[in-house]
file target_18.cif (mmCIF, C-alpha atoms)
data_target
loop_
_atom_site.label_atom_id
_atom_site.label_comp_id
_atom_site.auth_asym_id
_atom_site.auth_seq_id
_atom_site.Cartn_x
_atom_site.Cartn_y
_atom_site.Cartn_z
CA MET A 1 -51.41 -66.37 21.71
CA ILE A 2 -52.16 -62.92 20.35
CA ARG A 3 -50.36 -59.62 20.77
CA PRO A 4 -52.75 -56.71 20.09
CA GLN A 5 -51.58 -53.12 19.95
CA LEU A 6 -52.89 -51.46 23.10
CA SER A 7 -52.79 -48.06 24.73
CA TRP A 8 -53.57 -47.09 28.32
CA PHE A 9 -53.39 -50.69 29.50
CA ASP A 10 -51.35 -51.90 32.47
CA PRO A 11 -52.38 -55.33 33.82
CA ALA A 12 -50.19 -55.00 36.91
CA ARG A 13 -51.99 -51.84 37.97
CA ILE A 14 -55.42 -53.15 37.00
CA ALA A 15 -54.85 -56.34 39.01
CA ARG A 16 -54.08 -54.43 42.20
CA SER A 17 -56.57 -51.60 41.75
CA GLY A 18 -59.24 -53.05 44.04
CA GLN A 19 -61.95 -53.51 41.41
CA CYS A 20 -61.35 -57.20 40.59
CA PHE A 21 -60.18 -59.90 43.00
CA ARG A 22 -59.41 -62.78 40.64
CA PHE A 23 -56.63 -61.12 38.64
CA ALA A 24 -53.23 -61.85 40.15
CA PRO A 25 -49.52 -62.20 39.32
CA LEU A 26 -48.32 -65.55 38.03
CA GLU A 27 -45.22 -67.34 39.21
CA GLY A 28 -42.56 -66.68 36.63
CA GLY A 29 -44.17 -63.47 35.41
CA GLY A 30 -47.42 -62.34 33.92
CA TRP A 31 -50.93 -62.23 35.34
CA GLY A 32 -53.77 -64.72 35.51
CA LEU A 33 -57.43 -63.71 35.33
CA THR A 34 -60.43 -65.91 36.16
CA ALA A 35 -63.64 -64.32 34.90
CA LEU A 36 -66.77 -65.08 32.90
CA GLY A 37 -66.21 -68.82 33.30
CA ARG A 38 -62.84 -68.54 31.55
CA ARG A 39 -59.15 -68.32 32.37
CA LEU A 40 -56.85 -65.82 30.67
CA CYS A 41 -53.12 -65.37 31.15
CA VAL A 42 -51.38 -62.12 30.19
CA TYR A 43 -47.62 -61.97 29.66
CA PRO A 44 -45.28 -59.01 29.18
CA ASP A 45 -43.77 -58.94 25.71
CA GLY A 46 -41.35 -56.10 24.98
CA ASP A 47 -43.33 -52.89 25.11
CA GLY A 48 -46.66 -54.75 25.05
CA TYR A 49 -48.46 -57.88 26.21
CA ARG A 50 -49.37 -61.34 24.92
CA PHE A 51 -52.71 -62.96 25.71
CA ASP A 52 -53.23 -66.75 25.67
CA CYS A 53 -56.45 -66.79 23.69
CA GLU A 54 -57.60 -67.03 20.12
CA PRO A 55 -58.43 -63.90 18.09
CA GLU A 56 -62.19 -64.60 18.16
CA GLU A 57 -62.22 -64.96 21.94
CA TRP A 58 -60.18 -61.78 22.25
CA GLU A 59 -62.59 -59.77 20.14
CA THR A 60 -65.83 -61.14 21.61
CA VAL A 61 -64.85 -61.59 25.27
CA TRP A 62 -61.67 -59.90 26.43
CA ARG A 63 -61.61 -56.75 24.35
CA PRO A 64 -65.03 -55.73 25.74
CA TYR A 65 -64.11 -56.97 29.24
CA PHE A 66 -61.06 -54.68 29.39
CA ASP A 67 -63.14 -51.81 27.95
CA LEU A 68 -60.55 -51.25 25.26
CA ASP A 69 -62.82 -49.22 22.99
CA THR A 70 -63.10 -46.41 25.56
CA ASP A 71 -60.59 -43.55 25.34
CA TYR A 72 -59.16 -43.33 28.86
CA ALA A 73 -56.46 -40.93 27.72
CA ALA A 74 -59.26 -38.47 26.95
CA PHE A 75 -60.44 -38.72 30.56
CA ALA A 76 -56.95 -37.85 31.73
CA ALA A 77 -56.69 -34.97 29.29
CA ALA A 78 -59.93 -33.48 30.64
CA ILE A 79 -58.52 -32.97 34.15
CA ASN A 80 -58.20 -29.43 35.39
CA PRO A 81 -54.46 -28.69 34.97
CA ARG A 82 -54.55 -26.68 38.21
CA ASP A 83 -55.68 -29.75 40.16
CA ALA A 84 -52.31 -31.02 41.38
CA TYR A 85 -53.76 -33.90 43.39
CA LEU A 86 -55.86 -35.38 40.59
CA THR A 87 -53.05 -34.90 38.08
CA ALA A 88 -50.72 -36.91 40.31
CA ALA A 89 -53.39 -39.56 40.96
CA VAL A 90 -53.98 -40.16 37.25
CA ALA A 91 -50.24 -40.32 36.57
CA SER A 92 -49.85 -42.98 39.29
CA ALA A 93 -52.67 -45.12 37.86
CA GLU A 94 -52.02 -44.71 34.14
CA GLY A 95 -53.11 -47.88 32.35
CA VAL A 96 -55.96 -48.70 34.73
CA ARG A 97 -59.29 -49.28 33.00
CA ILE A 98 -62.69 -49.98 34.53
CA LEU A 99 -63.34 -53.64 33.75
CA ARG A 100 -66.73 -54.75 32.48
CA GLN A 101 -67.27 -57.44 35.08
CA ALA A 102 -70.37 -59.55 35.57
CA PRO A 103 -72.85 -57.76 37.89
CA TRP A 104 -73.34 -60.84 40.06
CA GLU A 105 -69.58 -61.31 40.51
CA THR A 106 -69.20 -57.75 41.72
CA THR A 107 -72.20 -58.17 44.02
CA VAL A 108 -70.60 -61.18 45.69
CA ALA A 109 -67.15 -59.61 45.84
CA PHE A 110 -68.23 -56.30 47.32
CA ILE A 111 -70.58 -57.83 49.89
CA LEU A 112 -67.45 -59.71 51.01
CA SER A 113 -65.39 -56.51 50.89
CA GLN A 114 -67.03 -54.86 53.87
CA GLN A 115 -64.66 -54.14 56.77
CA SER A 116 -61.96 -56.03 54.91
CA ASN A 117 -58.88 -55.53 52.70
CA ILE A 118 -57.83 -56.69 49.25
CA PRO A 119 -55.87 -59.83 50.33
CA ARG A 120 -58.68 -61.02 52.58
CA ILE A 121 -61.39 -60.29 50.00
CA THR A 122 -59.36 -62.29 47.49
CA ARG A 123 -59.08 -65.27 49.85
CA ASN A 124 -62.75 -65.16 50.80
CA LEU A 125 -63.93 -64.92 47.21
CA GLU A 126 -61.69 -67.77 46.09
CA ALA A 127 -62.94 -69.95 48.95
CA VAL A 128 -66.55 -69.29 47.93
CA CYS A 129 -65.80 -70.11 44.29
CA ARG A 130 -64.02 -73.36 45.16
CA ALA A 131 -66.82 -74.46 47.47
CA TYR A 132 -69.83 -73.53 45.31
CA GLY A 133 -68.66 -72.52 41.83
CA ALA A 134 -68.78 -74.72 38.74
CA PRO A 135 -65.36 -76.12 37.74
CA PHE A 136 -63.96 -75.56 34.26
CA SER A 137 -60.67 -76.27 32.50
CA ASP A 138 -58.23 -73.85 30.93
CA ARG A 139 -56.23 -74.41 27.75
CA GLN A 140 -53.65 -76.46 29.65
CA GLY A 141 -56.28 -78.68 31.28
CA ARG A 142 -56.00 -77.11 34.73
CA THR A 143 -59.15 -76.74 36.82
CA TRP A 144 -60.58 -73.39 37.91
CA TYR A 145 -63.86 -72.39 39.50
CA ASP A 146 -66.48 -69.94 38.29
CA ILE A 147 -68.42 -67.52 40.48
CA PRO A 148 -71.24 -69.52 42.13
CA THR A 149 -74.73 -68.93 40.83
CA PRO A 150 -77.16 -67.04 43.06
CA ALA A 151 -79.17 -70.24 43.49
CA SER A 152 -76.15 -72.24 44.69
CA LEU A 153 -75.25 -69.65 47.33
CA ALA A 154 -78.87 -69.26 48.40
CA ALA A 155 -78.95 -73.01 49.04
CA ALA A 156 -75.81 -72.92 51.19
CA SER A 157 -76.19 -72.89 54.96
CA GLU A 158 -75.01 -69.90 56.96
CA ALA A 159 -72.80 -72.22 59.01
CA ASP A 160 -71.06 -73.54 55.89
CA LEU A 161 -70.47 -70.02 54.60
CA ARG A 162 -69.08 -68.95 57.96
CA ALA A 163 -66.76 -71.96 57.86
CA LEU A 164 -65.17 -70.40 54.75
CA GLY A 165 -64.09 -67.43 56.87
CA LEU A 166 -66.80 -65.01 55.78
CA GLY A 167 -67.79 -64.07 59.33
CA TYR A 168 -70.78 -61.74 59.67
CA ARG A 169 -70.91 -61.36 55.88
CA ALA A 170 -72.21 -64.94 55.48
CA PRO A 171 -75.91 -64.30 56.21
CA TYR A 172 -75.91 -61.18 54.05
CA LEU A 173 -74.39 -63.03 51.11
CA ARG A 174 -76.85 -65.89 51.46
CA ALA A 175 -79.86 -63.57 51.72
CA ALA A 176 -78.72 -61.42 48.79
CA ALA A 177 -78.22 -64.55 46.68
CA ALA A 178 -81.78 -65.66 47.43
CA ARG A 179 -83.14 -62.30 46.34
CA VAL A 180 -81.12 -62.24 43.11
CA ALA A 181 -82.04 -65.85 42.35
CA ALA A 182 -85.68 -64.75 42.55
CA GLY A 183 -84.99 -61.85 40.17
CA GLU A 184 -85.39 -59.20 42.87
CA PRO A 185 -83.65 -57.28 41.44
CA ASP A 186 -82.80 -58.48 37.95
CA LEU A 187 -79.12 -57.52 37.87
CA ALA A 188 -78.79 -57.73 34.09
CA ALA A 189 -81.71 -55.35 33.66
CA LEU A 190 -80.13 -52.79 36.00
CA ALA A 191 -77.46 -52.04 33.40
CA THR A 192 -80.16 -50.46 31.25
CA LEU A 193 -81.32 -48.12 34.02
CA PRO A 194 -79.96 -44.68 34.91
CA TYR A 195 -77.35 -44.76 37.66
CA LYS A 196 -79.62 -43.45 40.44
CA LYS A 197 -82.37 -45.98 39.71
CA ALA A 198 -79.89 -48.87 39.56
CA HIS A 199 -78.31 -47.71 42.81
CA ALA A 200 -81.72 -47.49 44.50
CA ALA A 201 -82.52 -51.07 43.46
CA LEU A 202 -79.19 -52.41 44.69
CA VAL A 203 -79.43 -50.95 48.19
CA THR A 204 -82.55 -53.05 48.77
CA LEU A 205 -80.31 -56.14 48.82
CA PRO A 206 -79.15 -57.46 52.19
CA GLY A 207 -75.57 -56.42 52.88
CA VAL A 208 -75.56 -53.72 50.19
CA GLY A 209 -75.22 -50.16 51.44
CA ASN A 210 -74.39 -47.03 49.48
CA LYS A 211 -70.69 -47.78 49.00
CA VAL A 212 -71.19 -51.40 47.92
CA ALA A 213 -74.01 -50.36 45.58
CA ASP A 214 -71.73 -47.77 44.00
CA CYS A 215 -69.01 -50.41 43.54
CA ILE A 216 -71.49 -52.71 41.80
CA CYS A 217 -72.69 -49.82 39.62
CA LEU A 218 -69.16 -48.84 38.64
CA PHE A 219 -67.47 -52.21 38.27
CA GLY A 220 -70.41 -54.46 37.38
CA LEU A 221 -72.85 -52.21 35.51
CA HIS A 222 -70.20 -49.88 34.03
CA GLN A 223 -71.99 -46.75 35.15
CA LEU A 224 -69.03 -44.40 35.19
CA ASP A 225 -70.80 -41.70 37.20
CA ALA A 226 -70.84 -44.00 40.26
CA PHE A 227 -68.40 -42.70 42.86
CA PRO A 228 -67.80 -45.20 45.70
CA VAL A 229 -66.69 -43.56 48.95
CA ASP A 230 -64.75 -45.79 51.33
CA THR A 231 -62.30 -44.79 54.07
CA HIS A 232 -59.53 -43.96 51.61
CA ILE A 233 -61.72 -41.80 49.39
CA ARG A 234 -63.34 -40.09 52.38
CA GLN A 235 -59.90 -39.11 53.67
CA MET A 236 -58.92 -37.92 50.20
CA LEU A 237 -62.02 -35.75 49.94
CA GLN A 238 -61.43 -34.24 53.37
CA ALA A 239 -57.82 -33.46 52.55
CA HIS A 240 -58.14 -32.18 48.98
CA TYR A 241 -61.79 -31.39 48.19
CA LYS A 242 -63.33 -29.81 51.27
CA ARG A 243 -66.04 -28.26 49.11
CA GLY A 244 -66.75 -31.58 47.43
CA PHE A 245 -65.38 -33.37 44.41
CA PRO A 246 -66.08 -31.51 41.13
CA MET A 247 -68.63 -34.05 39.91
CA ARG A 248 -70.22 -31.67 37.41
CA ARG A 249 -66.91 -31.02 35.64
CA TYR A 250 -66.29 -34.76 35.31
CA LYS A 251 -69.83 -35.89 34.58
CA GLY A 252 -69.84 -39.19 32.74
CA PHE A 253 -66.49 -40.40 34.09
CA ALA A 254 -66.17 -39.24 37.71
CA GLY A 255 -66.03 -42.89 38.76
CA VAL A 256 -62.93 -43.44 36.65
CA LEU A 257 -61.19 -40.61 38.47
CA GLN A 258 -62.36 -42.02 41.78
CA GLN A 259 -60.60 -45.27 40.88
CA TYR A 260 -57.39 -43.39 40.11
CA ALA A 261 -57.63 -41.51 43.41
CA PHE A 262 -58.22 -44.81 45.22
CA TYR A 263 -55.14 -46.30 43.57
CA TYR A 264 -53.07 -43.25 44.46
CA GLU A 265 -54.23 -43.39 48.08
CA LEU A 266 -53.17 -47.03 48.31
CA TYR A 267 -49.89 -46.89 46.44
CA GLY A 268 -48.86 -43.26 45.99
CA GLY A 269 -46.23 -42.96 43.31
CA LYS A 270 -45.37 -46.66 43.44
CA THR A 271 -45.98 -48.66 40.27
#
call {"tool": "encode", "arguments": {"input": "target_18.cif", "output": "structure tokens"}}
result
Amino acid sequence: MIRPQLSWFDPARIARSGQCFRFAPLEGGGWGLTALGRRLCVYPDGDGYRFDCEPEEWETVWRPYFDLDTDYAAFAAAINPRDAYLTAAVASAEGVRILRQAPWETTVAFILSQQSNIPRITRNLEAVCRAYGAPFSDRQGRTWYDIPTPASLAAASEADLRALGLGYRAPYLRAAAARVAAGEPDLAALATLPYKKAHAALVTLPGVGNKVADCICLFGLHQLDAFPVDTHIRQMLQAHYKRGFPMRRYKGFAGVLQQYAFYYELYGGKT
């Protein structure tokens, strides 16, 4: 166990923020995260948190994953003080960071997210992982399942994927997996491209439209200018930014503010 000193970090809010679907409360308190072929448990400890990993794993895996070297307080401080809506949104989501997830995981998750909700996406993703993902053991010897490889999902039948409850998303997921398995596109290479070029490559994948591509850019490629627009964000823009969101003012981190607005739309002032 380690207990690092952290700022702007709230696992409860991160877990329910709609960017990651394998980060959930544990019975008895704390949160469990399955990612990168590993299992991490986070426990409240006074005014901070304990993590069940060794210092080396923390520094090489989880510190980067939680994007802890980025100053999110500076993003909040840059908000126009006259913008009452955005000020309230950031206050409601304080402690949420944009995770550095694997691009393929976010591709799978957000193809499954279409016309869905967070609980259903979570169930669908877990079913896919259990059916096709490689098993691994945590520190206590319990078995978990990694995100399936593109090749393993490409080899699955549409009928078997539909049997997991994926519905019309099944053929899209299978076809996208086949493309990624063939390196078309190379998801790892997209992280080195400018946002617009990465987005353009992603929308060529079956089942990936503008919103899903933006989610992959933001949550999987860590391109913080990506600004996914779903029903909640569209309603927010219509209600509070009729002339458009001030993207130029928040260039370089508009996607972070989008995530805070999304959280505020879902939960309001609730913690």
call {"tool": "atom_distance", "arguments": {"input": "target_18.cif", "atom1": "CA of Asn80 in chain A", "atom2": "CA of Ala191 in chain A"}}
result
29.8 Å
call {"tool": "atom_distance", "arguments": {"input": "target_18.cif", "atom1": "CA of Gln101 in chain A", "atom2": "CA of Tyr65 in chain A"}}
result
6.7 Å
call {"tool": "residues_around", "arguments": {"input": "target_18.cif", "residues": "range 239-256 of chain A", "least_positions_apart": "4", "cutoff": "10 Å", "atoms": "only C-alpha atoms", "output": "number ranges by chain"}}
result
A: 72, 75-76, 78-80, 83-86, 90, 96-98, 214-215, 217-219, 222-228, 233-235, 260-262
call {"tool": "write_last_selection", "arguments": {"input": "target_18.cif", "atoms": "C-alpha atoms", "output": "PDB file, keeping the file's coordinate frame"}}
result
ATOM      1  CA  TYR A  72     -59.160 -43.330  28.860  1.00  0.00           C
ATOM      2  CA  PHE A  75     -60.440 -38.720  30.560  1.00  0.00           C
ATOM      3  CA  ALA A  76     -56.950 -37.850  31.730  1.00  0.00           C
ATOM      4  CA  ALA A  78     -59.930 -33.480  30.640  1.00  0.00           C
ATOM      5  CA  ILE A  79     -58.520 -32.970  34.150  1.00  0.00           C
ATOM      6  CA  ASN A  80     -58.200 -29.430  35.390  1.00  0.00           C
ATOM      7  CA  ASP A  83     -55.680 -29.750  40.160  1.00  0.00           C
ATOM      8  CA  ALA A  84     -52.310 -31.020  41.380  1.00  0.00           C
ATOM      9  CA  TYR A  85     -53.760 -33.900  43.390  1.00  0.00           C
ATOM     10  CA  LEU A  86     -55.860 -35.380  40.590  1.00  0.00           C
ATOM     11  CA  VAL A  90     -53.980 -40.160  37.250  1.00  0.00           C
ATOM     12  CA  VAL A  96     -55.960 -48.700  34.730  1.00  0.00           C
ATOM     13  CA  ARG A  97     -59.290 -49.280  33.000  1.00  0.00           C
ATOM     14  CA  ILE A  98     -62.690 -49.980  34.530  1.00  0.00           C
ATOM     15  CA  ASP A 214     -71.730 -47.770  44.000  1.00  0.00           C
ATOM     16  CA  CYS A 215     -69.010 -50.410  43.540  1.00  0.00           C
ATOM     17  CA  CYS A 217     -72.690 -49.820  39.620  1.00  0.00           C
ATOM     18  CA  LEU A 218     -69.160 -48.840  38.640  1.00  0.00           C
ATOM     19  CA  PHE A 219     -67.470 -52.210  38.270  1.00  0.00           C
ATOM     20  CA  HIS A 222     -70.200 -49.880  34.030  1.00  0.00           C
ATOM     21  CA  GLN A 223     -71.990 -46.750  35.150  1.00  0.00           C
ATOM     22  CA  LEU A 224     -69.030 -44.400  35.190  1.00  0.00           C
ATOM     23  CA  ASP A 225     -70.800 -41.700  37.200  1.00  0.00           C
ATOM     24  CA  ALA A 226     -70.840 -44.000  40.260  1.00  0.00           C
ATOM     25  CA  PHE A 227     -68.400 -42.700  42.860  1.00  0.00           C
ATOM     26  CA  PRO A 228     -67.800 -45.200  45.700  1.00  0.00           C
ATOM     27  CA  ILE A 233     -61.720 -41.800  49.390  1.00  0.00           C
ATOM     28  CA  ARG A 234     -63.340 -40.090  52.380  1.00  0.00           C
ATOM     29  CA  GLN A 235     -59.900 -39.110  53.670  1.00  0.00           C
ATOM     30  CA  TYR A 260     -57.390 -43.390  40.110  1.00  0.00           C
ATOM     31  CA  ALA A 261     -57.630 -41.510  43.410  1.00  0.00           C
ATOM     32  CA  PHE A 262     -58.220 -44.810  45.220  1.00  0.00           C
TER      33      PHE A 262
END
call {"tool": "closest_residue", "arguments": {"input": "target_18.cif", "among": "A:Tyr49, A:Tyr168, A:Tyr264, A:Phe136", "to": "Ser92 in chain A", "atoms": "all atoms listed in the file"}}
result
A:Tyr264
call {"tool": "resolve_selection", "arguments": {"input": "target_18.cif", "expression": "the PyMOL selection byres ((chain A and resi 52) around 6)", "output": "list in words"}}
result
Met1, Cys41, Phe51 and Cys53 of chain A
call {"tool": "atom_distance", "arguments": {"input": "target_18.cif", "atom1": "CA of Ala170 in chain A", "atom2": "CA of Pro206 in chain A"}}
result
10.7 Å
call {"tool": "resolve_selection", "arguments": {"input": "target_18.cif", "expression": "the PyMOL selection byres ((chain A and resi 20-30) around 9)", "output": "VMD selection string"}}
result
chain A and resid 11 to 12 14 to 19 31 to 35 41 to 44 49 99 101 106 109 118 to 119 121 to 123 125 to 126 219
call {"tool": "closest_residue", "arguments": {"input": "target_18.cif", "among": "A:Pro148, A:Gly209, A:Pro185, A:Gly95", "to": "Pro135 in chain A", "atoms": "all atoms listed in the file"}}
result
A:Pro148
call {"tool": "resolve_selection", "arguments": {"input": "target_18.cif", "expression": "the PyMOL selection byres ((chain A and resi 162) around 12)", "output": "list in words"}}
result
Leu112, Asn124, Ala127, Val128, Ala156, Ser157, Glu158, Ala159, Asp160, Leu161, Ala163, Leu164, Gly165, Leu166, Gly167, Tyr168, Arg169, Ala170, Pro171, Tyr172, Leu173 and Arg174 of chain A
call {"tool": "write_last_selection", "arguments": {"input": "target_18.cif", "atoms": "C-alpha atoms", "output": "tab-separated table (two decimals), in the frame of the given file"}}
result
chain	number	residue	atom	x	y	z
A	112	LEU	CA	-67.45	-59.71	51.01
A	124	ASN	CA	-62.75	-65.16	50.80
A	127	ALA	CA	-62.94	-69.95	48.95
A	128	VAL	CA	-66.55	-69.29	47.93
A	156	ALA	CA	-75.81	-72.92	51.19
A	157	SER	CA	-76.19	-72.89	54.96
A	158	GLU	CA	-75.01	-69.90	56.96
A	159	ALA	CA	-72.80	-72.22	59.01
A	160	ASP	CA	-71.06	-73.54	55.89
A	161	LEU	CA	-70.47	-70.02	54.60
A	163	ALA	CA	-66.76	-71.96	57.86
A	164	LEU	CA	-65.17	-70.40	54.75
A	165	GLY	CA	-64.09	-67.43	56.87
A	166	LEU	CA	-66.80	-65.01	55.78
A	167	GLY	CA	-67.79	-64.07	59.33
A	168	TYR	CA	-70.78	-61.74	59.67
A	169	ARG	CA	-70.91	-61.36	55.88
A	170	ALA	CA	-72.21	-64.94	55.48
A	171	PRO	CA	-75.91	-64.30	56.21
A	172	TYR	CA	-75.91	-61.18	54.05
A	173	LEU	CA	-74.39	-63.03	51.11
A	174	ARG	CA	-76.85	-65.89	51.46
call {"tool": "residues_around", "arguments": {"input": "target_18.cif", "residues": "Asp138 in chain A", "least_positions_apart": "3", "cutoff": "6 Å", "atoms": "all atoms listed in the file", "output": "MDAnalysis selection string"}}
result
chainID A and resid 39 141:142
call {"tool": "closest_residue", "arguments": {"input": "target_18.cif", "among": "A:Pro64, A:Pro103, A:Glu56, A:Ile216", "to": "Asp186 in chain A", "atoms": "all atoms listed in the file"}}
result
A:Pro103
call {"tool": "axis_aligned_box", "arguments": {"input": "target_18.cif", "around": "range 76-90 of chain A", "padding_each_side": "5 Å", "output": "lines of an AutoDock Vina configuration file"}}
result
center_x = -55.3
center_y = -33.4
center_z = 36.3
size_x = 19.2
size_y = 23.5
size_z = 24.1
call {"tool": "closest_residue", "arguments": {"input": "target_18.cif", "among": "A:Ser7, A:His199, A:Leu205, A:Pro194", "to": "Ala178 in chain A", "atoms": "all atoms listed in the file"}}
result
A:Leu205
call {"tool": "residues_around", "arguments": {"input": "target_18.cif", "residues": "Gly37 in chain A", "least_positions_apart": "5", "cutoff": "8 Å", "atoms": "all atoms listed in the file", "output": "PyMOL selection string"}}
result
chain A and resi 136+145-147
call {"tool": "write_last_selection", "arguments": {"input": "target_18.cif", "atoms": "C-alpha atoms", "output": "PDB file, in the coordinates of the input"}}
result
ATOM      1  CA  PHE A 136     -63.960 -75.560  34.260  1.00  0.00           C
ATOM      2  CA  TYR A 145     -63.860 -72.390  39.500  1.00  0.00           C
ATOM      3  CA  ASP A 146     -66.480 -69.940  38.290  1.00  0.00           C
ATOM      4  CA  ILE A 147     -68.420 -67.520  40.480  1.00  0.00           C
TER       5      ILE A 147
END
call {"tool": "residues_around", "arguments": {"input": "target_18.cif", "residues": "Ala201 in chain A", "least_positions_apart": "4", "cutoff": "9 Å", "atoms": "all atoms listed in the file", "output": "PyMOL selection string"}}
result
chain A and resi 184-185+190+196-197+205+213
